[in-house]
Amino acid sequence: MNEYDSNRIFDLTKKIDYLKTENLKEADCYVLNTCHIREKATEKVYHDVGRIKKAFRGKRKPIVVVVGCVAQAEGDILLKKDKYIDAVVGPQSYHRLNEIISKIDKDSKKINLTDFKVIEKFDNLNIIKNSSSNVSSFLTIQEGCNKFCKFCVVPYTRGEEYSRSMNELVKESFDLVNNGANEITLLGQNVNAYNYNGKKLSDLINEISKIEDLKRIRYTTSHPIDFSEDLIDVHGRNTKLMPLIHLPVQSGSNKILKGMNRKHTIEDYLEIVKKLKKVNPYIKFSSDFIIGYPGETEKDFNDTLQLIDKVEYINFYSFIYSPRPGTPAAKLKKIDETLAKERLSIFQKKAEEVKMRYRKNLFNKECPVLFESELKDRSGFFGKDEFSNSVIVKSSENLKGKIKKVNIINGNHNTLFGSISKNENKRDFAA
């Protein structure tokens with residue numbers, strides 16, 4: 001979502017004649033777009049501002065604006081602690097960035113703009129065409145969260161759930177496809193909570209799939225309690241919808257899930273997995289895990305380990321619990337850090353074994369790959385298969401934007417390597 005926001009920020013600032021630069025020392029304005037989900041996010045802001053200070057020592061100071069969720073959560077602190085920062089702007093207020101930059105140019109007064117005016121934001125953004133020209137593009141359809149998981153800062157930085165209108169999303173999808181997008185990933189903090197005048201995520205998927213040159217549709221991130229029957233059904237019917245589902249579970253223990261206020265049980269979660277597999281046997285899953293959440297016992301941890309085997313995740317994101325300021329869980333007593341690190345190591349080793357078993361099963365099989373870009377050394381091209389596995393092939397042909405059958409030769413934890421197949425028609429999946 002931050003990548004989507006950053007692209008839109010550039011679309012905005014073009015209106016006041018700003019251009020992108022890759023040269024740190026020649027910029028007149030820096031916009032640092034931040035995320036507050038993981039720990040040390042604020043420290044990263046200070047580090048980046050420090051780099052800018054060093055680059056401009058003895059020179060005219062550039063404008064420095066911090067936007068995003070760190071700005072929303074800790075705006076006053078940032079402005080007080082680092083005088084080099086000119087403004088902090090929350091994620092629901094960045095549509096006013098041009099106005100802010102113009103004010104800073106005329107006045108040295110610090111600006112803190114952290115309102116929750118999400119409707120106003122998208123009304124303003126809809127006027128400006130999305131200029132993203134990536135083969136695989138992002139599209140924010142929903143923001144905010146009403147779930148209030150005790151560990152999560154999102155409701156406090158992005159606000160309550162808000163869904164954009166179907167019409168504006170279809171229009172922006174057309175713009176992205178006309179710019180060269182073959183794949184669109186629909187984004188939301190709770191993307192499957194999308195609901196605009198009774199129209200749900202399944203309706204939006206079916207609507208944008210009518211765009212002829214759009215080849216692939218994905219969405220992230222889902223919450224189990226919003227996984228409705230109509231969404232399950234669309235996975236069995238819509239051929240443009242990719243068969244990888246990122247479905248965060250956080251823990252395999254019902255006790256911990258209750259303590260997190262996740263509002264679902266492991267039984268609920270596994271029932272969703274079962275139903276999805278029934279409508280489409282090819283579906284695979286990735287997930288998020290928090291290890292060492294306050295109160296986690298050895299049994300709770302072992303329940304999480306067992307879940308890996310039950311679902312056979314092909315990818316995962318796992319972290320030791322770190323308290324987010326202002327969240328209810330921040331007041332809870334943390335478990336021993338050494339123990340948490342040991343558990344994370346055990347978890348990641350087991351999850352990697354399951355992941356590599358799956359990836360090795362892809363070797364010597366064919367899969368359709370959408371190629372997104374040429375490698376920097378121009379020796380080949382990078383793309384992704386239907387399950388979001390990164391694939392690299394060597395080729396002198398320009399493959400960008402094309403879907404090609406690839407024979408997977410080998411791979412590692414992060415990347416698969418293959419060659420263009422001579423068989424363009426066969427559909428071959430690893431079980």
# chains A, B, ... in the order shown; residues from 1 in each chain; ligands from 1

$ residues_around --residues "region 30-46 of chain A" --least-positions-apart "3" --cutoff "8 Å" --atoms "only C-alpha atoms" --output "ChimeraX atom specification"
/A:2,6,27,49-50,62-71,73,82,152-154,322-324

$ residues_around --residues "region 359-364 of chain A" --least-positions-apart "3" --cutoff "7 Å" --atoms "only C-alpha atoms" --output "JSON, numbers by chain"
{"A": [355, 356, 407, 408, 409, 410, 430]}

$ write_last_selection --atoms "C-alpha atoms" --output "PDB file, in the first residue's frame"
ATOM      1  CA  LYS A 355       8.442 -24.192   1.577  1.00  0.00           C
ATOM      2  CA  MET A 356      11.502 -25.848  -0.003  1.00  0.00           C
ATOM      3  CA  ASN A 407      10.392 -24.964 -17.567  1.00  0.00           C
ATOM      4  CA  ILE A 408      11.701 -24.685 -13.999  1.00  0.00           C
ATOM      5  CA  ILE A 409      15.242 -26.070 -13.808  1.00  0.00           C
ATOM      6  CA  ASN A 410      16.222 -25.307 -10.214  1.00  0.00           C
ATOM      7  CA  ALA A 430       2.983 -28.938  -9.012  1.00  0.00           C
TER       8      ALA A 430
END

$ atom_distance --atom1 "CA of Asp230 (chain A)" --atom2 "CA of Ser137 (chain A)"
24.8 Å

$ select_by_dssp --residues "region 246-322 of chain A" --states "strand (DSSP E or B)" --output "PyMOL selection string"
chain A and resi 246+250+284-291+315-320

$ atom_distance --atom1 "CA of Ile184 (chain A)" --atom2 "CA of Asp123 (chain A)"
21.2 Å

$ atom_distance --atom1 "CA of Ala193 (chain A)" --atom2 "CA of Ile205 (chain A)"
13.4 Å

$ residues_around --residues "Leu201 (chain A)" --least-positions-apart "4" --cutoff "10 Å" --atoms "only C-alpha atoms" --output "mmCIF file with N, CA and C atoms, in the first residue's frame"
data_model
loop_
_atom_site.group_PDB
_atom_site.id
_atom_site.type_symbol
_atom_site.label_atom_id
_atom_site.label_comp_id
_atom_site.auth_asym_id
_atom_site.auth_seq_id
_atom_site.Cartn_x
_atom_site.Cartn_y
_atom_site.Cartn_z
ATOM 1 N N ILE A 141 -8.029 -0.434 -2.782
ATOM 2 C CA ILE A 141 -9.492 -0.441 -2.887
ATOM 3 C C ILE A 141 -10.153 -0.195 -1.532
ATOM 4 N N GLN A 142 -9.409 -0.445 -0.458
ATOM 5 C CA GLN A 142 -9.967 -0.348 0.881
ATOM 6 C C GLN A 142 -8.857 0.074 1.833
ATOM 7 N N SER A 163 -14.236 1.844 2.016
ATOM 8 C CA SER A 163 -14.146 1.229 0.688
ATOM 9 C C SER A 163 -14.403 2.270 -0.395
ATOM 10 N N MET A 166 -16.991 1.388 -6.688
ATOM 11 C CA MET A 166 -16.704 0.472 -7.803
ATOM 12 C C MET A 166 -16.330 1.250 -9.054
ATOM 13 N N LEU A 186 -5.111 -5.940 -5.858
ATOM 14 C CA LEU A 186 -6.035 -5.112 -5.095
ATOM 15 C C LEU A 186 -5.589 -5.084 -3.637
ATOM 16 N N VAL A 191 -8.639 -6.295 2.893
ATOM 17 C CA VAL A 191 -9.137 -6.145 1.516
ATOM 18 C C VAL A 191 -10.451 -6.879 1.291
ATOM 19 N N ASN A 192 -10.636 -8.002 1.988
ATOM 20 C CA ASN A 192 -11.884 -8.748 1.779
ATOM 21 C C ASN A 192 -13.050 -8.206 2.611
ATOM 22 N N ALA A 193 -12.790 -7.102 3.338
ATOM 23 C CA ALA A 193 -13.884 -6.373 3.995
ATOM 24 C C ALA A 193 -14.461 -5.335 3.040
ATOM 25 N N TYR A 194 -13.929 -5.277 1.807
ATOM 26 C CA TYR A 194 -14.415 -4.306 0.823
ATOM 27 C C TYR A 194 -15.932 -4.424 0.676
ATOM 28 N N ASN A 195 -16.609 -3.286 0.801
ATOM 29 C CA ASN A 195 -18.073 -3.269 0.659
ATOM 30 C C ASN A 195 -18.498 -1.848 0.320
ATOM 31 N N TYR A 196 -18.910 -1.658 -0.927
ATOM 32 C CA TYR A 196 -19.378 -0.345 -1.354
ATOM 33 C C TYR A 196 -20.803 -0.478 -1.882
ATOM 34 N N ILE A 205 -13.790 -8.017 -8.338
ATOM 35 C CA ILE A 205 -12.913 -8.921 -9.097
ATOM 36 C C ILE A 205 -13.569 -9.290 -10.425
ATOM 37 N N ASN A 206 -14.828 -9.666 -10.367
ATOM 38 C CA ASN A 206 -15.537 -10.046 -11.599
ATOM 39 C C ASN A 206 -15.661 -8.876 -12.568
ATOM 40 N N GLU A 207 -15.834 -7.679 -12.032
ATOM 41 C CA GLU A 207 -16.010 -6.503 -12.888
ATOM 42 C C GLU A 207 -14.708 -6.136 -13.599
ATOM 43 N N TYR A 219 -5.134 -10.158 -4.702
ATOM 44 C CA TYR A 219 -5.553 -9.231 -3.649
ATOM 45 C C TYR A 219 -4.840 -9.585 -2.344
ATOM 46 N N PHE A 227 -13.874 -13.648 5.178
ATOM 47 C CA PHE A 227 -13.782 -14.521 4.007
ATOM 48 C C PHE A 227 -15.138 -15.139 3.730
ATOM 49 N N SER A 228 -15.942 -14.437 2.936
ATOM 50 C CA SER A 228 -17.332 -14.807 2.681
ATOM 51 C C SER A 228 -17.451 -15.909 1.627
ATOM 52 N N ASP A 230 -19.193 -15.930 -1.097
ATOM 53 C CA ASP A 230 -19.114 -15.433 -2.472
ATOM 54 C C ASP A 230 -17.673 -15.253 -2.921
ATOM 55 N N LEU A 231 -16.788 -14.894 -1.974
ATOM 56 C CA LEU A 231 -15.368 -14.749 -2.312
ATOM 57 C C LEU A 231 -14.741 -16.122 -2.548
ATOM 58 N N VAL A 234 -15.796 -17.269 -6.039
ATOM 59 C CA VAL A 234 -15.160 -16.628 -7.191
ATOM 60 C C VAL A 234 -13.802 -17.260 -7.494
#

$ select_by_dssp --residues "region 207-285 of chain A" --states "helix (DSSP H, G or I)" --output "PyMOL selection string"
chain A and resi 207-208+224-226+229-237+254-260+266-279

$ closest_residue --among "A:Glu352, A:Glu312, A:Asp107, A:Asp28" --to "His413 (chain A)" --atoms "only C-alpha atoms"
A:Glu352

$ residues_around --residues "Val369 (chain A)" --least-positions-apart "4" --cutoff "9 Å" --atoms "only C-alpha atoms" --output "PDB file with C-alpha atoms, in the first residue's frame"
ATOM      1  CA  GLY A 383       8.827 -12.497 -13.605  1.00  0.00           C
ATOM      2  CA  LYS A 384       6.375 -14.295 -11.349  1.00  0.00           C
ATOM      3  CA  ASP A 385       4.343 -17.444 -11.761  1.00  0.00           C
ATOM      4  CA  GLU A 386       0.702 -17.769 -10.745  1.00  0.00           C
ATOM      5  CA  SER A 390       9.957 -15.178  -8.470  1.00  0.00           C
ATOM      6  CA  VAL A 391      11.325 -16.654 -11.701  1.00  0.00           C
ATOM      7  CA  LYS A 402       4.519 -11.233 -21.762  1.00  0.00           C
ATOM      8  CA  ILE A 403       3.246 -14.460 -20.221  1.00  0.00           C
ATOM      9  CA  LYS A 404       5.414 -17.398 -21.219  1.00  0.00           C
ATOM     10  CA  LYS A 405       5.535 -21.048 -20.286  1.00  0.00           C
ATOM     11  CA  VAL A 406       8.746 -21.677 -18.356  1.00  0.00           C
TER      12      VAL A 406
END

$ closest_residue --among "A:Ser108, A:Gln189, A:Ser131, A:Asn182" --to "Phe371 (chain A)" --atoms "only C-alpha atoms"
A:Asn182

$ residues_around --residues "His223 (chain A)" --least-positions-apart "3" --cutoff "10 Å" --atoms "only C-alpha atoms" --output "compact mmCIF listing (two decimals) with C-alpha atoms, in the first residue's frame"
# COMPACT_ATOMS: atom_id res chain seq x y z
CA LYS A 147 -11.00 -5.32 13.93
CA GLN A 189 -5.63 -3.50 5.29
CA ASN A 190 -8.66 -5.83 5.25
CA VAL A 191 -9.14 -6.14 1.52
CA ASN A 192 -11.88 -8.75 1.78
CA ALA A 193 -13.88 -6.37 4.00
CA THR A 220 -4.00 -8.74 -0.22
CA ASP A 226 -14.32 -11.51 6.28
CA PHE A 227 -13.78 -14.52 4.01
CA HIS A 246 -2.30 -14.55 1.61
CA LEU A 247 -4.38 -15.33 4.69
CA PRO A 248 -2.75 -14.14 7.94
CA VAL A 249 -3.36 -16.41 10.91
CA ARG A 262 -8.52 -12.02 16.29
CA LYS A 263 -12.22 -13.06 16.43
CA HIS A 264 -11.61 -16.40 14.67
CA TYR A 269 -9.44 -20.83 9.63
